[in-house]
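What follows is a short report on a single structure.
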Amino acid sequence: MSENCTHDCSSCGESCSQRSKEQDLKEKLNDVSSVKKTIGVVSGKGGVGKSLVTSLMAVLLSRRGHKTAILDADITGPSIPKAFGLTKHAEGDGKYIYPVTTKTGIDVMSINLLLESDTDPVVWRGPVIAGAVKQFYTEVIWKDIDFMLVDMPPGTGDVPLTVFQSIPLDGIIVVTSPQELVSMIVSKAVKMANMMHIPILGVVENMSYAVCPDCGKEIKVFGESHIDSICAQYGLELLGRIPIDPKTAKACDSGLIELFEGSYLDKAADIAEKL
């Protein structure tokens with residue numbers, strides 16, 4: 001047992017004599033909710049496009065006829081409502097919280113749907129943030145959901161640990177970008193998932209290239225990608241490469257991500273459907 005032990009196993013990744021080997025820290029849904037499959041979207045670093053991948057995956061699976069939901073676990077940096085153009089506040093009845101539904105029927109819960117203004121900062125300590133994520137899972141009515149996408153906060157700290165330990169994930173998608181530094185950080189996310197015994201569905205590389213509007217040539221804005229070597233090193237599948245696309249960026253800024261066009265995450269959606 002660590003000398004800094006708080007005796008709260010739910011926020012600890014250590015293995016010690018005080019932890020029961022059979023201890024189950026997974027939270028349970030409320031009695032009126034049902035979620036068939038839950039997929040986390042993670043990275044060891046911020047700014048690589050986890051929210052974009054989460055949004056695109058939710059849209060793709062919804063287009064394939066699945067009832068889809070997004071749990072925005074990035075409490076201090078929520079961006080999902082903006083991408084979907086959600087301005088309505090989430091409501092509750094004293095017992096449950098009701099998610100806000102997008103134009104195409106995707107259920108969303110995010111801290112920005114509860115704040116008075118979406119520019120209000122969330123200045124909370126780690127345990128409070130972790131508690132909010134648990135509440136989003138247990139107190140929100142997730143009705144007849146086929147796929148829930150969890151937009152994870154960056155890094156390997158309190159909140160990602162809480163999600164890994166508290167929410168029953170069927171798998172995670174790791175998001176990266178071409179820079180070698182980011183690939184190193186992704187290695188940390190992969191190792192954390194392995195430590196927590198969470199299946200890794202594969203890797204998505206964002207900002208892989210830009211297409212010249214005149215000649216159609218692919219331009220490696222951030223240099224040559226290292227993702228193939230990273231996937232080979234850890235035995236992971238490359239699920240897709242997302243280009244830098246002004247149309248996609250505009251769709252996110254305008255709250256119209258559900259109108260995006262592109263097939264670069266079709267393989268990721270295929271893998272999800274096989275769970």
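Chain labels follow the order of the structure tokens: the first chain is A, the next B, and so on; residue numbering restarts at 1 in every chain, and ligands are counted from 1 in their shown order.
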Next item on the list: Taking the DSSP assignment computed from this structure's backbone, write out as a ChimeraX atom specification all residues of range 8-227 of chain A that belong to helix (DSSP H, G or I).
Entry: /A:9-11,50-63,80-84,111-113,126-138,158-166,180-195,227
Select from range 218-273 of chain A every residue with an atom at most 10 Å from any atom of range 41-52 of chain A, then for each give the shortest pair of atoms and their distance in Å to one decimal, using only C-alpha atoms, rows by chain and rising number, as a Markdown table.
```
| residue | atom | partner | partner_atom | distance |
| --- | --- | --- | --- | --- |
| A:Ile242 | CA | A:Gly49 | CA | 9.6 |
| A:Thr248 | CA | A:Leu52 | CA | 9.2 |
| A:Ala249 | CA | A:Leu52 | CA | 9.3 |
| A:Cys252 | CA | A:Leu52 | CA | 8.2 |
| A:Ile257 | CA | A:Leu52 | CA | 8.8 |
```
Next item on the list: Considering only C-alpha atoms, return as an MDAnalysis selection string whatever protein or nucleic-acid residues lie within 6 Å of range 139-149 of chain A, sequence-local ones (same chain, fewer than 3 positions apart) excluded.
Entry: chainID A and resid 33:40 66:70 96:98 135:136
Please save N, CA, C and O atoms of the selected residues as a short mmCIF file (atom, residue, chain, number, x, y, z; two decimals), in the first residue's frame.
```cif
data_model
loop_
_atom_site.label_atom_id
_atom_site.label_comp_id
_atom_site.auth_asym_id
_atom_site.auth_seq_id
_atom_site.Cartn_x
_atom_site.Cartn_y
_atom_site.Cartn_z
N SER A 33 -32.14 2.59 -18.44
CA SER A 33 -31.15 2.77 -19.50
C SER A 33 -30.67 1.43 -20.03
O SER A 33 -30.70 0.41 -19.34
N SER A 34 -30.21 1.46 -21.28
CA SER A 34 -29.67 0.27 -21.92
C SER A 34 -28.61 0.67 -22.95
O SER A 34 -28.90 1.48 -23.84
N VAL A 35 -27.38 0.17 -22.78
CA VAL A 35 -26.30 0.44 -23.73
C VAL A 35 -25.67 -0.89 -24.10
O VAL A 35 -25.19 -1.62 -23.23
N LYS A 36 -25.66 -1.21 -25.38
CA LYS A 36 -25.13 -2.51 -25.83
C LYS A 36 -23.61 -2.50 -25.90
O LYS A 36 -22.96 -3.42 -25.39
N LYS A 37 -23.01 -1.50 -26.54
CA LYS A 37 -21.56 -1.45 -26.70
C LYS A 37 -21.05 -0.05 -26.39
O LYS A 37 -21.66 0.95 -26.79
N THR A 38 -19.93 0.01 -25.68
CA THR A 38 -19.33 1.29 -25.30
C THR A 38 -17.89 1.35 -25.78
O THR A 38 -17.10 0.44 -25.50
N ILE A 39 -17.56 2.41 -26.51
CA ILE A 39 -16.23 2.56 -27.09
C ILE A 39 -15.62 3.88 -26.62
O ILE A 39 -16.23 4.94 -26.77
N GLY A 40 -14.43 3.82 -26.04
CA GLY A 40 -13.72 5.02 -25.63
C GLY A 40 -12.81 5.51 -26.75
O GLY A 40 -12.23 4.71 -27.48
N HIS A 66 -27.82 2.47 -36.45
CA HIS A 66 -27.67 2.17 -35.03
C HIS A 66 -28.06 3.38 -34.19
O HIS A 66 -27.76 4.52 -34.55
N LYS A 67 -28.71 3.13 -33.07
CA LYS A 67 -28.98 4.21 -32.11
C LYS A 67 -27.68 4.52 -31.38
O LYS A 67 -27.12 3.66 -30.71
N THR A 68 -27.23 5.75 -31.50
CA THR A 68 -25.89 6.12 -31.06
C THR A 68 -25.94 7.24 -30.03
O THR A 68 -26.83 8.09 -30.06
N ALA A 69 -24.96 7.23 -29.13
CA ALA A 69 -24.88 8.26 -28.10
C ALA A 69 -23.42 8.66 -27.89
O ALA A 69 -22.50 7.90 -28.19
N ILE A 70 -23.23 9.87 -27.36
CA ILE A 70 -21.90 10.36 -27.00
C ILE A 70 -21.91 10.81 -25.55
O ILE A 70 -22.72 11.65 -25.16
N TYR A 96 -33.33 11.68 -12.69
CA TYR A 96 -32.54 11.38 -13.88
C TYR A 96 -32.25 12.66 -14.66
O TYR A 96 -32.94 13.67 -14.52
N ILE A 97 -31.23 12.58 -15.51
CA ILE A 97 -30.89 13.66 -16.44
C ILE A 97 -31.20 13.16 -17.84
O ILE A 97 -30.93 12.01 -18.18
N TYR A 98 -31.76 14.03 -18.66
CA TYR A 98 -32.10 13.66 -20.02
C TYR A 98 -31.07 14.22 -21.00
O TYR A 98 -30.78 15.41 -20.97
N GLN A 135 -21.50 10.29 -12.98
CA GLN A 135 -22.91 10.69 -13.02
C GLN A 135 -23.46 10.70 -14.43
O GLN A 135 -24.62 10.33 -14.66
N PHE A 136 -22.64 11.14 -15.39
CA PHE A 136 -23.09 11.13 -16.78
C PHE A 136 -23.43 9.71 -17.23
O PHE A 136 -24.31 9.52 -18.08
#
```
So that I can check the surroundings of Met195 in chain A, please list as a CSV table (one decimal) with N, CA, C and O atoms, in the first residue's frame every protein, DNA and RNA residue that reaches within 12 Å of it, counting only C-alpha atoms and ignoring chain neighbours fewer than 3 positions away.
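To be explicit, this is the file written out as around_23.csv:
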```
chain,number,residue,atom,x,y,z
A,13,GLY,N,-4.7,3.1,-9.5
A,13,GLY,CA,-4.4,2.0,-10.4
A,13,GLY,C,-3.3,1.1,-9.9
A,13,GLY,O,-2.9,0.2,-10.5
A,14,GLU,N,-3.0,1.3,-8.6
A,14,GLU,CA,-2.0,0.4,-7.9
A,14,GLU,C,-2.6,-1.0,-7.6
A,14,GLU,O,-3.8,-1.1,-7.3
A,15,SER,N,-1.7,-2.0,-7.6
A,15,SER,CA,-2.1,-3.3,-7.1
A,15,SER,C,-1.4,-3.5,-5.7
A,15,SER,O,-0.2,-3.4,-5.6
A,156,THR,N,-3.1,10.4,-19.0
A,156,THR,CA,-3.3,9.2,-18.3
A,156,THR,C,-3.5,9.4,-16.8
A,156,THR,O,-3.1,8.7,-15.9
A,161,LEU,N,-8.3,7.4,-15.9
A,161,LEU,CA,-8.3,6.2,-15.0
A,161,LEU,C,-9.7,5.9,-14.5
A,161,LEU,O,-10.1,4.7,-14.5
A,164,PHE,N,-11.7,4.2,-17.3
A,164,PHE,CA,-11.3,2.8,-17.5
A,164,PHE,C,-11.8,1.9,-16.4
A,164,PHE,O,-12.1,0.8,-16.7
A,165,GLN,N,-11.8,2.4,-15.2
A,165,GLN,CA,-12.2,1.6,-14.1
A,165,GLN,C,-13.7,1.5,-13.8
A,165,GLN,O,-14.2,0.5,-13.4
A,188,LYS,N,2.1,5.7,-24.6
A,188,LYS,CA,1.7,5.8,-23.2
A,188,LYS,C,0.2,5.4,-23.0
A,188,LYS,O,-0.2,4.6,-22.1
A,189,ALA,N,-0.6,5.9,-23.9
A,189,ALA,CA,-2.1,5.6,-23.9
A,189,ALA,C,-2.3,4.1,-24.1
A,189,ALA,O,-3.1,3.4,-23.5
A,190,VAL,N,-1.5,3.5,-25.1
A,190,VAL,CA,-1.6,2.1,-25.4
A,190,VAL,C,-1.2,1.2,-24.2
A,190,VAL,O,-1.9,0.3,-23.8
A,191,LYS,N,-0.1,1.6,-23.6
A,191,LYS,CA,0.4,0.9,-22.4
A,191,LYS,C,-0.6,1.0,-21.2
A,191,LYS,O,-0.8,0.0,-20.5
A,192,MET,N,-1.2,2.2,-21.1
A,192,MET,CA,-2.2,2.3,-20.0
A,192,MET,C,-3.4,1.4,-20.2
A,192,MET,O,-3.9,0.7,-19.3
A,198,ILE,N,-8.0,-3.2,-21.1
A,198,ILE,CA,-9.1,-2.7,-22.0
A,198,ILE,C,-8.7,-3.0,-23.5
A,198,ILE,O,-7.6,-2.7,-23.9
A,199,PRO,N,-9.5,-3.7,-24.2
A,199,PRO,CA,-9.2,-4.0,-25.6
A,199,PRO,C,-9.0,-2.8,-26.5
A,199,PRO,O,-9.7,-1.8,-26.4
A,200,ILE,N,-8.0,-2.8,-27.3
A,200,ILE,CA,-7.7,-1.7,-28.3
A,200,ILE,C,-8.2,-2.1,-29.6
A,200,ILE,O,-7.7,-3.1,-30.2
```
Note to self: Can you tell me which residues surround range 113-121 of chain A at a distance of at most 7 Å, considering only C-alpha atoms, apart from same-chain residues fewer than 4 positions away, and format the answer as a ChimeraX atom specification?
What the structure shows: /A:88-90,109
Item checked: Pick from A:Ser110, A:Leu201, A:Glu258, A:Asp228 nearest to Glu91 in chain A, counting only C-alpha atoms ->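 Going through A:Ser110, A:Leu201, A:Glu258, A:Asp228 one by one, the smallest distance to Glu91 in chain A is for A:Ser110.
Restricting the calculation to only C-alpha atoms, the smallest distance between Lys28 in chain A and any of A:Val174, A:Tyr137, A:Lys217, A:Asp151 is found for A:Tyr137.
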Next item on the list: Go through range 16-128 of chain A and collect every residue that DSSP, computed from the backbone, puts in strand (DSSP E or B); the answer should be as number ranges by chain.
Entry: A: 35-42, 68-72, 91-92, 97-98, 100-101, 107-109
Next item on the list: Figure out the distance between CA of Ala132 in chain A and CA of Pro154 in chain A, please, to one decimal in Å.
Entry: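 Pair CA of Pro154 in chain A / CA of Ala132 in chain A returns 16.4 Å.
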Checklist line | Atomic separation - CA of Ile173 in chain A relative to CA of Val53 in chain A, Å | finding: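 These atoms are spaced 8.9 Å apart.
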